[in-house]
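Heads up, final20.txt below (compact mmCIF, C-alpha atoms):
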```txt
# COMPACT_ATOMS: atom_id res chain seq x y z
CA MET V 1 33.16 2.21 -31.22
CA SER V 2 34.74 1.82 -27.81
CA ASP V 3 32.66 2.62 -24.74
CA ALA V 4 34.71 4.00 -21.83
CA SER V 5 32.42 2.33 -19.30
CA SER V 6 32.85 -1.09 -20.92
CA PRO V 7 36.54 -1.81 -21.56
CA ALA V 8 37.28 -4.54 -24.08
CA GLY V 9 35.97 -7.86 -22.86
CA ARG V 10 33.72 -6.35 -20.18
CA PRO V 11 29.96 -6.77 -20.54
CA VAL V 12 27.48 -3.95 -20.17
CA GLN V 13 25.90 -4.53 -16.79
CA PHE V 14 23.25 -2.75 -14.77
CA LEU V 15 22.97 -2.64 -11.01
CA PHE V 16 19.63 -2.09 -9.31
CA VAL V 17 19.53 -0.26 -5.99
CA CYS V 18 16.49 -1.34 -3.98
CA VAL V 19 15.62 1.03 -1.14
CA SER V 20 13.06 0.01 1.45
CA ARG V 21 11.62 2.39 4.02
CA GLN V 22 9.45 1.86 7.07
CA ALA V 23 5.81 1.75 5.95
CA GLU V 24 3.23 3.96 7.63
CA GLY V 25 0.72 2.15 9.78
CA PRO V 26 0.72 -1.46 10.92
CA PRO V 27 1.42 -4.18 8.34
CA ALA V 28 -1.48 -6.40 7.29
CA THR V 29 0.16 -9.67 8.32
CA GLU V 30 -0.12 -12.17 11.13
CA LEU V 31 3.62 -12.78 11.10
CA SER V 32 5.74 -11.19 13.81
CA GLU V 33 8.60 -8.89 12.90
CA ASP V 34 11.03 -11.54 14.21
CA GLU V 35 9.48 -14.18 11.91
CA VAL V 36 9.73 -11.82 8.95
CA ARG V 37 13.35 -10.94 9.83
CA LYS V 38 14.26 -14.65 9.77
CA GLU V 39 12.65 -15.00 6.32
CA HIS V 40 14.35 -11.76 5.21
CA ARG V 41 17.81 -13.10 6.02
CA ALA V 42 17.11 -16.41 4.28
CA TYR V 43 15.77 -14.57 1.22
CA LEU V 44 18.85 -12.36 0.92
CA GLN V 45 21.14 -15.38 1.43
CA ASP V 46 19.32 -17.13 -1.43
CA LEU V 47 19.79 -14.09 -3.70
CA HIS V 48 23.49 -14.05 -2.80
CA ASP V 49 23.85 -17.78 -3.45
CA ARG V 50 22.25 -17.31 -6.88
CA GLY V 51 24.66 -14.48 -7.76
CA LEU V 52 21.95 -11.81 -7.77
CA LEU V 53 22.85 -9.88 -4.60
CA TYR V 54 25.79 -7.50 -4.89
CA GLY V 55 25.39 -6.24 -1.32
CA SER V 56 22.85 -5.21 1.30
CA GLY V 57 22.45 -3.59 4.69
CA PRO V 58 20.23 -1.58 7.00
CA GLN V 59 19.72 2.15 6.58
CA ARG V 60 21.93 3.41 9.41
CA ASP V 61 24.01 6.52 9.53
CA SER V 62 27.56 6.80 10.89
CA SER V 63 26.24 7.43 14.43
CA GLY V 64 24.41 4.09 14.34
CA THR V 65 20.94 5.63 14.11
CA ASP V 66 18.57 3.17 12.43
CA HIS V 67 16.32 4.78 9.82
CA GLY V 68 13.89 1.87 9.58
CA GLY V 69 14.65 0.40 6.21
CA GLY V 70 17.28 -1.29 4.15
CA ILE V 71 19.20 -1.15 0.91
CA HIS V 72 20.13 -4.02 -1.33
CA VAL V 73 21.85 -3.92 -4.68
CA LEU V 74 20.95 -6.49 -7.31
CA GLN V 75 23.25 -7.60 -10.14
CA ASN V 76 22.90 -10.05 -13.02
CA VAL V 77 19.26 -9.02 -13.47
CA ASP V 78 17.94 -8.34 -16.99
CA ASP V 79 15.90 -5.20 -16.42
CA ILE V 80 14.29 -2.91 -13.85
CA ASP V 81 10.92 -4.69 -14.02
CA THR V 82 12.58 -7.98 -13.06
CA ALA V 83 14.51 -6.20 -10.31
CA ARG V 84 11.24 -4.79 -8.95
CA GLU V 85 9.65 -8.26 -8.99
CA ILE V 86 12.59 -9.76 -7.11
CA ALA V 87 12.69 -6.91 -4.59
CA ALA V 88 8.92 -7.04 -4.00
CA ARG V 89 9.30 -10.65 -2.79
CA GLU V 90 11.64 -9.54 0.02
CA PRO V 91 9.69 -10.49 3.19
CA PHE V 92 9.61 -7.05 4.88
CA ILE V 93 8.23 -5.58 1.66
CA ARG V 94 5.94 -8.51 0.87
CA GLU V 95 4.38 -8.39 4.35
CA GLY V 96 3.87 -4.62 4.34
CA PHE V 97 6.47 -3.58 6.93
CA ARG V 98 8.35 -1.54 4.29
CA THR V 99 7.77 0.32 1.04
CA LEU V 100 10.04 -0.07 -1.99
CA GLU V 101 11.80 2.07 -4.57
CA VAL V 102 14.13 0.63 -7.22
CA PHE V 103 16.74 2.62 -9.15
CA ALA V 104 18.80 1.41 -12.12
CA GLY V 105 22.38 2.37 -12.83
CA ARG V 106 24.83 1.24 -15.44
CA ARG V 107 27.92 -0.31 -13.92
CA VAL V 108 31.16 1.41 -14.86
CA TRP V 109 34.19 -0.84 -15.23
CA PHE V 110 37.60 0.53 -14.35
CA ALA V 111 40.90 -0.69 -15.69
CA PRO V 112 43.01 -2.66 -13.18
```
Would it be possible to restate this file's structure as structure tokens?
Amino acid sequence: MSDASSPAGRPVQFLFVCVSRQAEGPPATELSEDEVRKEHRAYLQDLHDRGLLYGSGPQRDSSGTDHGGGIHVLQNVDDIDTAREIAAREPFIREGFRTLEVFAGRRVWFAP
């Protein structure tokens, strides 16, 4: 049976949207926010280089207001538990600056 979201030759794929928000209270770390930001960028670059990061960015609205968190979308990950494990290692989350929520969605393929 044909699946409209998976045209012939296209694999079923899930994307995982990882939303981080500013944590309440001070983080329990000795690292500065600048040190964590440097690790954060290296971590996301590594995910991209490994083909796991579909995209990422800060939570900012169209006026440029920063909402104190970030969003990154993972691809080529087997399941939501693995996505949570990967996202939990992101330095801002790992060091307690941010909280994490992960949402799964099935990727829909469109014909060219």
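For the atom pair formed by atom CA of Thr82 of chain V and atom CA of Leu100 of chain V, the distance is 13.8 Å, given to one decimal.
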May I have the residues within 9 Å of segment 35-50 of chain V as an mmCIF file with C-alpha atoms, keeping the file's coordinate frame, using all atoms listed in the file and disregarding those fewer than 4 positions away in the same chain?
```
data_model
loop_
_atom_site.group_PDB
_atom_site.id
_atom_site.type_symbol
_atom_site.label_atom_id
_atom_site.label_comp_id
_atom_site.auth_asym_id
_atom_site.auth_seq_id
_atom_site.Cartn_x
_atom_site.Cartn_y
_atom_site.Cartn_z
ATOM 1 C CA LEU V 31 3.620 -12.780 11.100
ATOM 2 C CA TYR V 54 25.790 -7.500 -4.890
ATOM 3 C CA GLY V 55 25.390 -6.240 -1.320
ATOM 4 C CA SER V 56 22.850 -5.210 1.300
ATOM 5 C CA HIS V 72 20.130 -4.020 -1.330
ATOM 6 C CA LEU V 74 20.950 -6.490 -7.310
ATOM 7 C CA ARG V 89 9.300 -10.650 -2.790
ATOM 8 C CA GLU V 90 11.640 -9.540 0.020
ATOM 9 C CA PRO V 91 9.690 -10.490 3.190
ATOM 10 C CA PHE V 92 9.610 -7.050 4.880
ATOM 11 C CA GLU V 95 4.380 -8.390 4.350
#
```
Check your understanding: Taking into account all atoms listed in the file, which residue in the set V:Arg21, V:Arg94, V:Asp34, V:Ala83 is nearest to Gln59 of chain V?
Key ->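 Closest candidate: V:Arg21.
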Exercise for review: Take atom CA of Val108 of chain V and atom CA of Arg84 of chain V and report the distance between them in Å, one decimal.
Suggested key: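 Interatomic distance here is 21.7 Å.
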Practice item. Considering only C-alpha atoms, state which residue in the set V:Phe16, V:Gly9, V:Ile93, V:Trp109 is at the smallest distance from Val73 of chain V. Key: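 Among the listed residues, the smallest separation from Val73 of chain V belongs to V:Phe16.
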